[in-house]
Amino acid sequence: MAISDISIKNPVMAWMIFIGIFVFGVISYMGLGVSQMPDVDFPVLNVSTTWPGAAPDVMESTVTDPIEEAIMGVQGVTEVRSTSSLGISSIDVQFDLSVNIDVAVGQVQSKIAAAQKTLPTDIYPPVITKTNSDDTPIIWIAASGSVDKKFLMEYTRDVLTDAFSTIPNVAAITLGGYLTPTFRVWLDPVKMKSKEITYDDIISAVTSGHEEVPAGFFDTGTRQISIRVPGEASSAGSFEKIIIPERHGSPIWKKIVIGDVARVEDGLQDLVSISRSNGEPAIGLGIRKQPGSNSVEVAHAIKKKVADLQKYLPKGVSLTVRFDTSQFIENAADDMRFVLILSVILTAIVCWLFLGSFSSAINIFLTIPMAILGALFCIKMAGFTLNTFTFLGLSLVIGIVVDDAIMVLENITRHREEGDSRVQAAIKGAREITFAALAATVAILAIFLPVIFMQGVIGRYFFQFGITISAAVAISLLGALTVTPMFSAQFLKTPKKTDKKSFMDGIMDSFRVWYKKVLAVCLNNRWKVVVGAFVFFAVSMASFYFIKVEFVPSQDMSMMSITVQTPAGSSIHFADDVFKNIEAAISTRKDVLGMYTSINNTGGSMSLTLKQPGDRPYDPKLGRKPTQSDIMNEVRLQIKAVPGVSVVGIMDMSLMGFSARRGYPVEFMLEGQDWNTLSGLCTKMTDDMIKTGLMVDADEDYKTGVSEELFIPDRKKAFKRGVTVQNICDAIDAFYGFEQIAKFTNPDNGKRYGVVVELEDKYRTNPDDIDLMQVRNDQGQIVNIGDVITKKENPTVLSYTRENRQRAIRVFANVAPGKSQGEAMDAVKTLAKKLPEGYQIFFTGSSQTFQDSFSSLYIALILGIFVAYMVLGTQFNSFVHPIAVLLALPFSLSGAFIALALSGKTLNVYSAIGIILLM
């Protein structure tokens, strides 16, 4: 017995199927997360190793290379990219998408542990972390105010961070511009020289005179009393009073305290980063959500917490939501919901107009919520979110899910018009059309089956799209074979035959007459029609050359991320001054709502929040309100005009998130053996890229022009004076480094801070000040460091980068306004042909995803046609008839390409999916 017969004879069962799918679909929808893109867990690990003070070339050869060699032996590794900079080695390890990242962490740890013996003994242990391009803050909150800087740092870390961490689905919080509270011991070399005190005397004094340990307890028989020896200094003043008891092991008979040779400050670590909110000093709290959670709900909870905290903030402290990516997600989700509802309404109206019966339209209409809500249930069960790709699938499928129901209804109506009762017409009509409806559904699924099995990064995104459409289409078939026959058997009404025809019948009759005439002409001129059709197809394919190709189209998110670089070797104070001028220029813009700035010694970044498109002021030059792209171009020119700006890069956030690393639309690695040759080739490449007019913001991550001061030990002089190279290195590191020698407990909050020894700032501006420093020899005598070293300024680089253990430099750029990503990448390929032998490029990041995606889509299109042929061949029981049907497919390409060319739109992954849908 057919399922349609069961539904007709048991109408309650059909209604229960409909109601069950409806209810569980609504429940699933309420629990679905909302995000911009599918949550794809890229299997990428970062191995970070710190060796304070080590030069980039030393880090590359001594730390990075051994770790890379060990990691390359881990199974599933597809790419290893490293950066060796001053004191830091950072290695990104990318695995095949099928690799379990948690298992990979254990394997990498084992390999590094085995290689530990080849690494320097005084480096910090390598730190392994999982990274993800989507693992970025959804909201930046700025904490600012007129309070003491140290108090703001402590309040942010101890109160605000904990307050936001307790919000459900908050994964982690990143602090921007945060400086760790630190007990600073500022050494004065002049005073130390006058009292013949060296750095190791001070360290020895702190070690012996600043300590607190639990010392057991008393047991009186009736009570137990703990014993504590409060030997730690409790303030900067008490720390300065710590006595220096000896010099090189020999007692000092005259009292000398630390305050006699140093200044102690309860302050902050060295200035390494600065953050500002709308030009005001601030600390940024970047809040990240848990994977798979609802970005919009998490953002709402965060903003509610901000509102609640405002009531209890200390006087002078304020909290401001400065950068909110969830706003675009919320707006986009609202737009997609509106599109879905509008699509449902328009589809229902079309069905009503063409079917000519309200009851028939209702019958068809029931299929839509059943299919959509059923798909939402499947999305929930699969662990997906409501995102661009699932919304895309739901919106595209609305016009498809009614096909099966219309086929079944029309056949039932035909039998009803022939005189059968409602039940008889429903049984006969549903039985006759079941196989055809099944075949039509399988043919649609056949098109999207290859999409589900697409490989690579883009396959992870389109997997959700394919599952969504497939689930909706399959459930629509269930509705067509259960609800539609049941509803027809109970409520179907057929119009009475009269001489007066409806308006739609009149239109269809006129169309039928016209079509009959055209068909007759075509049949009488078959070869002319065939030749003309192929000529039209060939001519239409020429329109492809006028279509621009890109990965994804840009969207107006009303926000942008800007990277600014200052000249190589700039200080953070210089970069700070440059950014103050940039902020002053941007603050004059009436289309900017807010800005958050983060500064370091190489430059920094800005996150701009723009006014919504409808709220932006009218631009007389453009003759309209500016788009985000217009504003990006103007901001780029404004920043470039600021003195001290070396490079500007503006990232369109709507184009990010399609690769394991967030990057630019044009990004590639230039690989070779010699660093100097590589650097020269990269400089020429970036210049030529800009000259093409297809790219802007072209830059590379290999920066020369940086200097380092070498204090080279003179071994002969050192030997004569009884000083070892180790003595010299330790002394210079203590004076110029950031060495932690002890811990200190803040009595106000009970927190433990580090105690660091460092040279006073006024002695850190001139390399010749090294002559004021002293070291003690093996006889306990004082020796001037300047007497046992030579000074030399040496040119160096900021960092060395490698790709799969080969020397490589990353080059990146944005696409110029009015140009396409495909044009830019073709231009790069042309430039790469001029590279000398032994040097080559390969695309990475979004550029690599662009290439892989279109290759996968082409394969999916071909496989879809092949599967469709198999389904049609099975349906018609013929090898020839499916070819006649599939001959219509090329003309869908003609229509798509002509439409894209005339409208000026691009061929991208979304329009490519639309073309596949036409199949």
# chains A, B, ... in the order shown; residues from 1 in each chain; ligands from 1
>>> residues_around(residues="Leu678 of chain A", least_positions_apart="3", cutoff="12 Å", atoms="only C-alpha atoms", output="JSON, numbers by chain")
{"A": [669, 670, 671, 672, 673, 674, 675, 681, 682, 683, 684, 685, 700, 701, 702, 703, 704, 800, 801, 802, 806, 807, 808, 809, 810, 811, 835, 836, 838, 839, 840, 841]}
>>> residues_around(residues="segment 261-271 of chain A", least_positions_apart="2", cutoff="9 Å", atoms="only C-alpha atoms", output="count of residues only")
38
>>> closest_residue(among="A:Ile88, A:Val518, A:Val473, A:Val666", to="Phe850 of chain A", atoms="only C-alpha atoms")
A:Val666
>>> select_by_dssp(residues="segment 217-275 of chain A", states="alpha helix (DSSP H)", output="PyMOL selection string")
chain A and resi 236-240
>>> closest_residue(among="A:Ser293, A:Thr434, A:Thr563, A:Thr385", to="Val635 of chain A", atoms="only C-alpha atoms")
A:Thr563
>>> closest_residue(among="A:Leu355, A:Leu772, A:Ile475, A:Ile547", to="Leu902 of chain A", atoms="only C-alpha atoms")
A:Ile547
>>> closest_residue(among="A:Asp308, A:Val645, A:Gly25, A:Ile712", to="Met370 of chain A", atoms="only C-alpha atoms")
A:Gly25
>>> select_by_dssp(residues="segment 356-588 of chain A", states="strand (DSSP E or B)", output="list in words")
Leu386, Val549, Met559, Met560, Ser561, Ile562, Thr563, Val564 and Gln565 of chain A
>>> write_last_selection(atoms="C-alpha atoms", output="PDB file, in the first residue's frame")
ATOM      1  CA  LEU A 386      21.692  29.784  11.206  1.00  0.00           C
ATOM      2  CA  VAL A 549      35.271  36.826 -10.905  1.00  0.00           C
ATOM      3  CA  MET A 559      32.765  48.369  10.146  1.00  0.00           C
ATOM      4  CA  MET A 560      36.337  47.959   8.996  1.00  0.00           C
ATOM      5  CA  SER A 561      39.712  46.910  10.350  1.00  0.00           C
ATOM      6  CA  ILE A 562      42.724  49.099   9.512  1.00  0.00           C
ATOM      7  CA  THR A 563      46.392  48.181   9.905  1.00  0.00           C
ATOM      8  CA  VAL A 564      48.954  50.986   9.930  1.00  0.00           C
ATOM      9  CA  GLN A 565      52.709  50.487   9.876  1.00  0.00           C
TER      10      GLN A 565
END
>>> residues_around(residues="Ile728 of chain A", least_positions_apart="4", cutoff="9 Å", atoms="only C-alpha atoms", output="tab-separated table (two decimals) with C-alpha atoms, in the first residue's frame")
chain	number	residue	atom	x	y	z
A	713	PRO	CA	82.65	40.71	24.46
A	718	ALA	CA	87.82	40.00	29.68
A	723	VAL	CA	85.54	38.42	33.71
A	724	THR	CA	83.69	35.68	31.86
A	732	ILE	CA	73.73	43.50	30.36
A	733	ASP	CA	70.57	41.40	30.54
A	775	VAL	CA	80.52	43.80	36.65
A	785	ILE	CA	81.70	46.65	31.23
A	788	VAL	CA	85.68	44.42	28.11
A	789	ILE	CA	83.33	44.94	25.14
>>> closest_residue(among="A:Val298, A:Val105, A:Leu409, A:Ile599", to="Asn169 of chain A", atoms="only C-alpha atoms")
A:Val298
>>> closest_residue(among="A:Thr62, A:Gln290, A:Ser295, A:Asn387", to="Ala333 of chain A", atoms="only C-alpha atoms")
A:Asn387
>>> residues_around(residues="Ser707 of chain A", least_positions_apart="4", cutoff="9 Å", atoms="only C-alpha atoms", output="VMD selection string")
chain A and resid 569 793 to 797
>>> residues_around(residues="Gly209 of chain A", least_positions_apart="2", cutoff="10 Å", atoms="only C-alpha atoms", output="list in words")
Ile203, Ser204, Ala205, Val206, Thr207, Glu211, Glu212, Gly231, Glu232, Ala233, Phe239, Lys241, Ile242, Ile243, Ile244 and Pro245 of chain A
>>> residues_around(residues="Cys351 of chain A", least_positions_apart="5", cutoff="10 Å", atoms="only C-alpha atoms", output="PyMOL selection string")
chain A and resi 345-346+356-358+360-365+402+406
>>> write_last_selection(atoms="N, CA, C and O atoms", output="mmCIF file, in the first residue's frame")
data_model
loop_
_atom_site.group_PDB
_atom_site.id
_atom_site.type_symbol
_atom_site.label_atom_id
_atom_site.label_comp_id
_atom_site.auth_asym_id
_atom_site.auth_seq_id
_atom_site.Cartn_x
_atom_site.Cartn_y
_atom_site.Cartn_z
ATOM 1 N N ILE A 345 5.261 34.193 1.101
ATOM 2 C CA ILE A 345 4.044 34.908 0.706
ATOM 3 C C ILE A 345 3.916 34.969 -0.815
ATOM 4 O O ILE A 345 2.844 34.699 -1.381
ATOM 5 N N LEU A 346 5.001 35.327 -1.499
ATOM 6 C CA LEU A 346 4.955 35.430 -2.956
ATOM 7 C C LEU A 346 4.687 34.069 -3.600
ATOM 8 O O LEU A 346 3.934 33.970 -4.578
ATOM 9 N N GLY A 356 -5.941 28.846 -9.245
ATOM 10 C CA GLY A 356 -7.297 29.370 -9.341
ATOM 11 C C GLY A 356 -8.216 28.929 -8.231
ATOM 12 O O GLY A 356 -9.428 29.042 -8.351
ATOM 13 N N SER A 357 -7.679 28.414 -7.148
ATOM 14 C CA SER A 357 -8.506 27.935 -6.043
ATOM 15 C C SER A 357 -7.803 28.236 -4.737
ATOM 16 O O SER A 357 -6.616 27.927 -4.565
ATOM 17 N N PHE A 358 -8.523 28.850 -3.793
ATOM 18 C CA PHE A 358 -7.940 29.182 -2.504
ATOM 19 C C PHE A 358 -7.601 27.919 -1.713
ATOM 20 O O PHE A 358 -6.560 27.831 -1.073
ATOM 21 N N SER A 360 -6.851 25.011 -2.929
ATOM 22 C CA SER A 360 -5.662 24.398 -3.545
ATOM 23 C C SER A 360 -4.400 25.133 -3.130
ATOM 24 O O SER A 360 -3.352 24.518 -2.857
ATOM 25 N N ALA A 361 -4.479 26.467 -3.064
ATOM 26 C CA ALA A 361 -3.321 27.247 -2.654
ATOM 27 C C ALA A 361 -2.937 26.935 -1.203
ATOM 28 O O ALA A 361 -1.745 26.825 -0.877
ATOM 29 N N ILE A 362 -3.951 26.789 -0.336
ATOM 30 C CA ILE A 362 -3.676 26.428 1.055
ATOM 31 C C ILE A 362 -3.014 25.061 1.129
ATOM 32 O O ILE A 362 -2.079 24.828 1.909
ATOM 33 N N ASN A 363 -3.495 24.122 0.310
ATOM 34 C CA ASN A 363 -2.934 22.779 0.268
ATOM 35 C C ASN A 363 -1.440 22.836 -0.064
ATOM 36 O O ASN A 363 -0.608 22.195 0.587
ATOM 37 N N ILE A 364 -1.110 23.624 -1.087
ATOM 38 C CA ILE A 364 0.295 23.752 -1.481
ATOM 39 C C ILE A 364 1.087 24.508 -0.414
ATOM 40 O O ILE A 364 2.227 24.165 -0.103
ATOM 41 N N PHE A 365 0.462 25.525 0.143
ATOM 42 C CA PHE A 365 1.143 26.371 1.120
ATOM 43 C C PHE A 365 1.609 25.566 2.337
ATOM 44 O O PHE A 365 2.661 25.849 2.914
ATOM 45 N N VAL A 402 7.561 23.325 -3.337
ATOM 46 C CA VAL A 402 6.144 23.230 -3.727
ATOM 47 C C VAL A 402 5.954 22.420 -5.004
ATOM 48 O O VAL A 402 4.817 22.105 -5.374
ATOM 49 N N ILE A 406 2.512 20.453 -6.072
ATOM 50 C CA ILE A 406 1.745 20.919 -7.228
ATOM 51 C C ILE A 406 1.504 19.772 -8.206
ATOM 52 O O ILE A 406 0.394 19.611 -8.746
#
>>> decode(residues="segment 749-762 of chain A", atoms="N, CA and C atoms", output="PDB file, in the first residue's frame")
ATOM      1  N   ASN A 749      44.890  43.916  47.571  1.00  0.00           N
ATOM      2  CA  ASN A 749      44.018  42.946  46.908  1.00  0.00           C
ATOM      3  C   ASN A 749      44.511  41.514  46.998  1.00  0.00           C
ATOM      4  N   GLY A 750      45.664  41.312  47.631  1.00  0.00           N
ATOM      5  CA  GLY A 750      46.174  39.956  47.808  1.00  0.00           C
ATOM      6  C   GLY A 750      46.741  39.332  46.548  1.00  0.00           C
ATOM      7  N   LYS A 751      46.910  40.101  45.468  1.00  0.00           N
ATOM      8  CA  LYS A 751      47.435  39.569  44.221  1.00  0.00           C
ATOM      9  C   LYS A 751      48.956  39.536  44.255  1.00  0.00           C
ATOM     10  N   ARG A 752      49.527  38.537  43.579  1.00  0.00           N
ATOM     11  CA  ARG A 752      50.975  38.397  43.494  1.00  0.00           C
ATOM     12  C   ARG A 752      51.478  39.045  42.203  1.00  0.00           C
ATOM     13  N   TYR A 753      52.444  39.946  42.334  1.00  0.00           N
ATOM     14  CA  TYR A 753      53.045  40.622  41.196  1.00  0.00           C
ATOM     15  C   TYR A 753      54.521  40.261  41.109  1.00  0.00           C
ATOM     16  N   GLY A 754      55.077  40.438  39.924  1.00  0.00           N
ATOM     17  CA  GLY A 754      56.498  40.186  39.748  1.00  0.00           C
ATOM     18  C   GLY A 754      57.345  41.371  40.180  1.00  0.00           C
ATOM     19  N   VAL A 755      58.560  41.089  40.633  1.00  0.00           N
ATOM     20  CA  VAL A 755      59.555  42.112  40.961  1.00  0.00           C
ATOM     21  C   VAL A 755      60.637  42.033  39.890  1.00  0.00           C
ATOM     22  N   VAL A 756      60.812  43.126  39.138  1.00  0.00           N
ATOM     23  CA  VAL A 756      61.769  43.116  38.031  1.00  0.00           C
ATOM     24  C   VAL A 756      62.837  44.171  38.259  1.00  0.00           C
ATOM     25  N   VAL A 757      64.019  43.866  37.743  1.00  0.00           N
ATOM     26  CA  VAL A 757      65.162  44.766  37.830  1.00  0.00           C
ATOM     27  C   VAL A 757      65.453  45.299  36.437  1.00  0.00           C
ATOM     28  N   GLU A 758      65.625  46.609  36.339  1.00  0.00           N
ATOM     29  CA  GLU A 758      65.860  47.215  35.037  1.00  0.00           C
ATOM     30  C   GLU A 758      66.561  48.560  35.231  1.00  0.00           C
ATOM     31  N   LEU A 759      67.256  49.002  34.199  1.00  0.00           N
ATOM     32  CA  LEU A 759      67.985  50.263  34.235  1.00  0.00           C
ATOM     33  C   LEU A 759      67.022  51.442  34.155  1.00  0.00           C
ATOM     34  N   GLU A 760      67.329  52.520  34.838  1.00  0.00           N
ATOM     35  CA  GLU A 760      66.530  53.742  34.744  1.00  0.00           C
ATOM     36  C   GLU A 760      66.417  54.184  33.284  1.00  0.00           C
ATOM     37  N   ASP A 761      65.274  54.748  32.919  1.00  0.00           N
ATOM     38  CA  ASP A 761      65.018  55.120  31.530  1.00  0.00           C
ATOM     39  C   ASP A 761      66.056  56.090  30.978  1.00  0.00           C
ATOM     40  N   LYS A 762      66.531  57.005  31.816  1.00  0.00           N
ATOM     41  CA  LYS A 762      67.467  58.019  31.300  1.00  0.00           C
ATOM     42  C   LYS A 762      68.811  57.423  30.894  1.00  0.00           C
TER      43      LYS A 762
END
